[in-house]
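These notes are about the structure you will find just below.
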Amino acid sequence: MNGIQIEPIPELIRGQPGSMDKDGICHCVVYLPNSAIYLQQLEQLQSAAQELMDKYEQELSRVSEYAHATEDQRNQEMNSALKPRNPTFLASSYEFSAFNLLRLELEGAQELVAQLKTKGRVSGVRDLLQELQSQVANASLTLKLLADSDQRSFHALRQEIDVLERQLHECEREKEQEETSIHPDPPLSPGTCAHGGLQKVSRPLVVQLNWRGFSYKAGAWGRDSAPSPASSLYWVAPLRADGRYFDYYRLHKSYDDLVLLKNYEQWKMGYGDGSGNTVYKNFMYFNYYGTGEMAKVDLSSNSLVLRRPLPGATYNNRFSYAGVPWKDFDFAGDEKGLWVLYATEESKGNLVVSLLNASTLEVEKTWRTSQYKPALSGAFMACGVLYALRSLSTRQEEIFYAFDTTTGQERQLSILLDKMLETLQGINYCPLDHKLYVYNDGYLVNYDLSFVTLTSRPPAKRPSGTQAPPKAVKHNKASRT
């Protein structure tokens with residue numbers, strides 16, 4: 001190659017066979033070259049290798065400390081198993097700075113070993129570097145497995161604790177209901193609001209299947225919600241099998257007649273929409289089919305006496321409840337009067353509450369809530385307070401929200417309501433007996449409501465992240481929202 005002679009690279013290190021003395025100590029002889037340059041390179045490489053070994057020992061020590069720390073943390077979690085905690089605590093604990101620093105330093109050590117192997121030309125040290133690289137990789141893997149294993153263990157523990165907590169709450173609830181049945185609260189007078197709001201709900205009492213059969217899963221039923229002890233009218237209104245059209249209803253003059261399916265009046269109407277109807281002072285109120293109008297029928301003659309548009313209200317299934325289609329208008333009667341619950345485009349689908357004039361169906365006052373109506377499974381009124389429900393499972397609902405139209409304040413609740421079947425199609429409250437009348441997938445079910453005594457009323461508070469509710473809007477006769 002152009003007359004250039006390549007000299008062979010001299011052997012830098014030459015070893016000789018070792019020997020062992022009588023004490024079992026191995027003696028090796030190594031002959032080093034006389035060149036100062038090679039010796040200097042070897043010394044630098046040995047120094048870098050020693051530095052890497054020290055760093056590796058330091059990182060390994062940190063891994064051990066982390067293992068002890070996580071073990072202590074696990075023990076603390078076991079000791080405080082029944083205390084409330086943030087379920088995302090562990091996920092965030094694996095992202096704190098010390099853990100990240102340890103992981104990054106091990107990655108840096110791996111890169112340093114790779115660089116030394118690339119630059120090193122001393123064959124006798126390659127085995128040492130290879131061993132160091134394997135040890136650093138094993139340390140990184142150990143750290144990852146430790147974190148993953150600990151996280152899986154914590155999640156399994158968290159699930160077990162959640163099951164135990166649910167069982168404990170259910171046990172406490174059953175005990176409370178048992179004590180209530182043994183020592184019931186003094187009964188409230190019919191139509192009274194001398195209490196501090198809803199406290200609990202009894203277990204469901206299944207009365208019977210609706211008179212049209214199991215296929216008629218949607219509908220509503222109840223008792224005349226006018227606070228008058230003289231009225232004992234019960235009504236049942238199953239929708240057609242399509243879950244929308246309201247055409248027939250039955251009236252019973254007593255609860256016994258309802259249960260025995262006798263002495264009833266059956267009427268055909270043919271222009272109702274959805275299961276949001278209610279009965280107040282011997283009139284039935286509902287959404288007129290396919291329109292944004294409220295309708296009023298005199299039950300004594302089955303005659304339509306009034307239709308009036310509900311200003312701004314959406315209809316035709318625009319903002320119905322979750323799992324309950326066509327319930328755009330939800331009428332309710334209580335101690336304070338006749339109400340309608342609905343949504344508007346202006347409210348962006350949030351639930352709106354309006355107090356109606358029962359004679360003229362004019363809107364007298366309106367309140368706008370912070371709850372998105374399609375996220376709710378239903379709602380009812382009691383003593384001028386809106387109570388909203390959401391579904392927790394196929395067998396349980398939660399009354400989680402209350403809005404007091406008297407004070408304009410809202411608060412969070414957690415009152416559980418058991419159900420026999422999945423969907424609560426119609427919910428009506430009666431002030432006479434303080435019961436909820438629920439149409440549950442074709443079955444007629446009722447619940448006893450218990451209220452807080454005035455001396456122990458919980459303070460109303462606004463849920464975090466929500467704005468103050470606006471004051472009631474009073475409507476003139478010609479006003480529109």
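Chain lettering (A, B, ...) mirrors the order of the structure tokens, residue numbering begins at 1 for each chain separately, and ligand numbering begins at 1 in order of display.
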
- Message: At a cut-off of 9 Å, using only C-alpha atoms, what residues contact A:Arg212? Leave out same-chain residues fewer than 4 positions from it and give the result as a list in words.
- Response: Tyr216, Pro238 and Gly442 of chain A

Leaving out A:Ser275 and any residue of its chain fewer than 4 positions from it, which residues lie within 10 Å of it when counting only C-alpha atoms, given as a ChimeraX atom specification? /A:218-221,237-239,243-246,286-287,324-331,425-427,439

Could you take the residues named above and write them with N, CA, C and O atoms, as a compact mmCIF listing (two decimals), in the first residue's frame?
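Done, and the output landed in selection.txt:
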# COMPACT_ATOMS: atom_id res chain seq x y z
N ALA A 218 -91.94 1.57 30.39
CA ALA A 218 -91.90 3.00 30.67
C ALA A 218 -93.26 3.49 31.13
O ALA A 218 -94.29 2.97 30.69
N GLY A 219 -93.24 4.47 32.01
CA GLY A 219 -94.49 5.03 32.50
C GLY A 219 -94.29 5.77 33.80
O GLY A 219 -93.15 6.09 34.20
N ALA A 220 -95.40 6.05 34.49
CA ALA A 220 -95.35 6.76 35.77
C ALA A 220 -96.57 6.37 36.58
O ALA A 220 -97.58 5.89 36.04
N TRP A 221 -96.47 6.57 37.89
CA TRP A 221 -97.62 6.33 38.76
C TRP A 221 -97.43 7.14 40.03
O TRP A 221 -96.36 7.69 40.29
N ALA A 237 -100.04 5.25 34.84
CA ALA A 237 -100.02 5.66 33.44
C ALA A 237 -98.86 5.00 32.70
O ALA A 237 -97.80 5.63 32.52
N PRO A 238 -99.01 3.76 32.27
CA PRO A 238 -97.96 3.13 31.45
C PRO A 238 -97.92 3.76 30.06
O PRO A 238 -98.96 4.12 29.50
N LEU A 239 -96.72 3.91 29.51
CA LEU A 239 -96.60 4.35 28.12
C LEU A 239 -96.72 3.14 27.20
O LEU A 239 -96.69 1.99 27.64
N GLY A 243 -92.10 3.28 24.55
CA GLY A 243 -91.49 4.09 25.59
C GLY A 243 -91.71 5.58 25.44
O GLY A 243 -91.07 6.37 26.15
N ARG A 244 -92.63 5.99 24.55
CA ARG A 244 -92.85 7.42 24.34
C ARG A 244 -94.32 7.83 24.46
O ARG A 244 -94.65 8.77 25.19
N TYR A 245 -95.19 7.15 23.78
CA TYR A 245 -96.57 7.62 23.62
C TYR A 245 -97.41 7.29 24.85
O TYR A 245 -97.48 6.15 25.29
N PHE A 246 -98.06 8.30 25.41
CA PHE A 246 -98.91 8.17 26.59
C PHE A 246 -100.37 8.26 26.16
O PHE A 246 -100.83 9.32 25.74
N PHE A 286 -98.79 17.08 31.76
CA PHE A 286 -97.85 16.31 30.94
C PHE A 286 -97.41 17.15 29.74
O PHE A 286 -97.93 18.24 29.49
N ASN A 287 -96.45 16.61 29.00
CA ASN A 287 -95.95 17.22 27.77
C ASN A 287 -96.85 16.79 26.60
O ASN A 287 -97.02 15.59 26.36
N VAL A 324 -83.60 7.40 30.10
CA VAL A 324 -85.06 7.61 30.10
C VAL A 324 -85.39 8.57 28.95
O VAL A 324 -85.46 9.78 29.14
N PRO A 325 -85.60 8.07 27.75
CA PRO A 325 -85.86 8.95 26.61
C PRO A 325 -87.24 9.60 26.67
O PRO A 325 -88.14 9.13 27.36
N TRP A 326 -87.39 10.70 25.96
CA TRP A 326 -88.65 11.42 25.76
C TRP A 326 -89.19 12.10 27.03
O TRP A 326 -90.32 12.54 27.04
N LYS A 327 -88.37 12.21 28.04
CA LYS A 327 -88.82 12.86 29.27
C LYS A 327 -88.27 14.28 29.30
O LYS A 327 -87.51 14.66 30.20
N ASP A 328 -88.67 15.08 28.32
CA ASP A 328 -88.19 16.46 28.24
C ASP A 328 -88.82 17.33 29.32
O ASP A 328 -88.16 18.20 29.89
N PHE A 329 -90.10 17.12 29.59
CA PHE A 329 -90.81 17.84 30.64
C PHE A 329 -91.05 16.87 31.80
O PHE A 329 -91.64 15.81 31.61
N ASP A 330 -90.62 17.24 32.99
CA ASP A 330 -90.81 16.41 34.16
C ASP A 330 -91.60 17.22 35.19
O ASP A 330 -91.06 18.09 35.87
N PHE A 331 -92.90 16.94 35.28
CA PHE A 331 -93.76 17.68 36.21
C PHE A 331 -93.67 17.07 37.60
O PHE A 331 -93.49 15.86 37.77
N GLN A 425 -88.14 4.92 35.52
CA GLN A 425 -88.76 5.67 34.42
C GLN A 425 -89.52 6.89 34.90
O GLN A 425 -89.52 7.93 34.25
N GLY A 426 -90.20 6.77 36.03
CA GLY A 426 -90.98 7.89 36.56
C GLY A 426 -90.80 7.99 38.06
O GLY A 426 -90.82 6.97 38.76
N ILE A 427 -90.62 9.22 38.59
CA ILE A 427 -90.44 9.43 40.02
C ILE A 427 -91.38 10.56 40.45
O ILE A 427 -91.29 11.68 39.94
N TYR A 439 -91.85 4.28 39.06
CA TYR A 439 -92.18 3.31 38.01
C TYR A 439 -90.85 2.72 37.55
O TYR A 439 -90.08 3.36 36.85

Between atom CA of A:Ala382 and atom CA of A:Ser320 lies a distance of 21.0 Å

In terms of only C-alpha atoms, the residue from A:Lys365, A:Met284, A:Cys171, A:Asp448 at minimal distance from A:Val305 is A:Met284

Handout entry: Residue contacts of stretch 416-422 of chain A (6 Å, only C-alpha atoms) excluding same-chain residues fewer than 4 positions away, as a ChimeraX atom specification
Key = /A:394-398

note - atom CA of A:Phe400 and atom CA of A:Tyr280 are separated by 26.2 Å

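Distances from A:Asn428, A:Asn446, A:Ser232, A:Gln409 to A:Leu205 were compared using only C-alpha atoms, and the smallest one belongs to A:Asn446.
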
**Request:** Please run DSSP on the backbone and report, as a VMD selection string, all residues within stretch 250-415 of chain A that come out as strand (DSSP E or B).
**Result:** chain A and resid 250 to 252 264 to 280 283 to 288 293 to 298 303 to 309 313 321 324 330 to 334 337 to 344 350 to 356 363 to 372 378 to 382 385 to 393 396 to 404 409 to 415

What are the closest atom pairs, with distances in Å to one decimal, for all residues of stretch 378-436 of chain A lying within 8 Å of stretch 366-373 of chain A? Consider only C-alpha atoms, order rows by chain and residue number, and present the result as a tab-separated table.
residue	atom	partner	partner_atom	distance
A:Phe403	CA	A:Thr369	CA	7.4
A:Thr405	CA	A:Trp367	CA	7.2
A:Gly408	CA	A:Trp367	CA	8.0

What would the file look like if the residues just selected were written as a PDB file, in the first residue's frame with N, CA and C atoms?
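File written: result.pdb
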ATOM      1  N   PHE A 403     -81.020  21.257  45.468  1.00  0.00           N
ATOM      2  CA  PHE A 403     -81.072  22.683  45.177  1.00  0.00           C
ATOM      3  C   PHE A 403     -82.306  23.259  45.867  1.00  0.00           C
ATOM      4  N   THR A 405     -84.864  26.016  46.372  1.00  0.00           N
ATOM      5  CA  THR A 405     -85.372  27.188  45.651  1.00  0.00           C
ATOM      6  C   THR A 405     -85.683  28.347  46.596  1.00  0.00           C
ATOM      7  N   GLY A 408     -81.802  29.467  47.208  1.00  0.00           N
ATOM      8  CA  GLY A 408     -80.943  29.517  46.031  1.00  0.00           C
ATOM      9  C   GLY A 408     -79.626  28.793  46.218  1.00  0.00           C
TER      10      GLY A 408
END

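For stretch 255-345 of chain A, backbone-based DSSP labels the following residues as alpha helix (DSSP H): Tyr255, Asp256, Asp257, Leu258, Val259 and Leu260 of chain A.
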
- request: Show which residues sit within 12 Å of A:Leu386, as a PyMOL selection string. Count only C-alpha atoms, and ignore same-chain residues fewer than 6 positions away.
  value: chain A and resi 197-198+330-334+336+339-341+351-355+367-369+371+378-380+399-413+429

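Proximity of A:Leu112, A:Arg308, A:Cys430, A:Ala358 to A:Ala49, computed with only C-alpha atoms, is greatest for A:Leu112.
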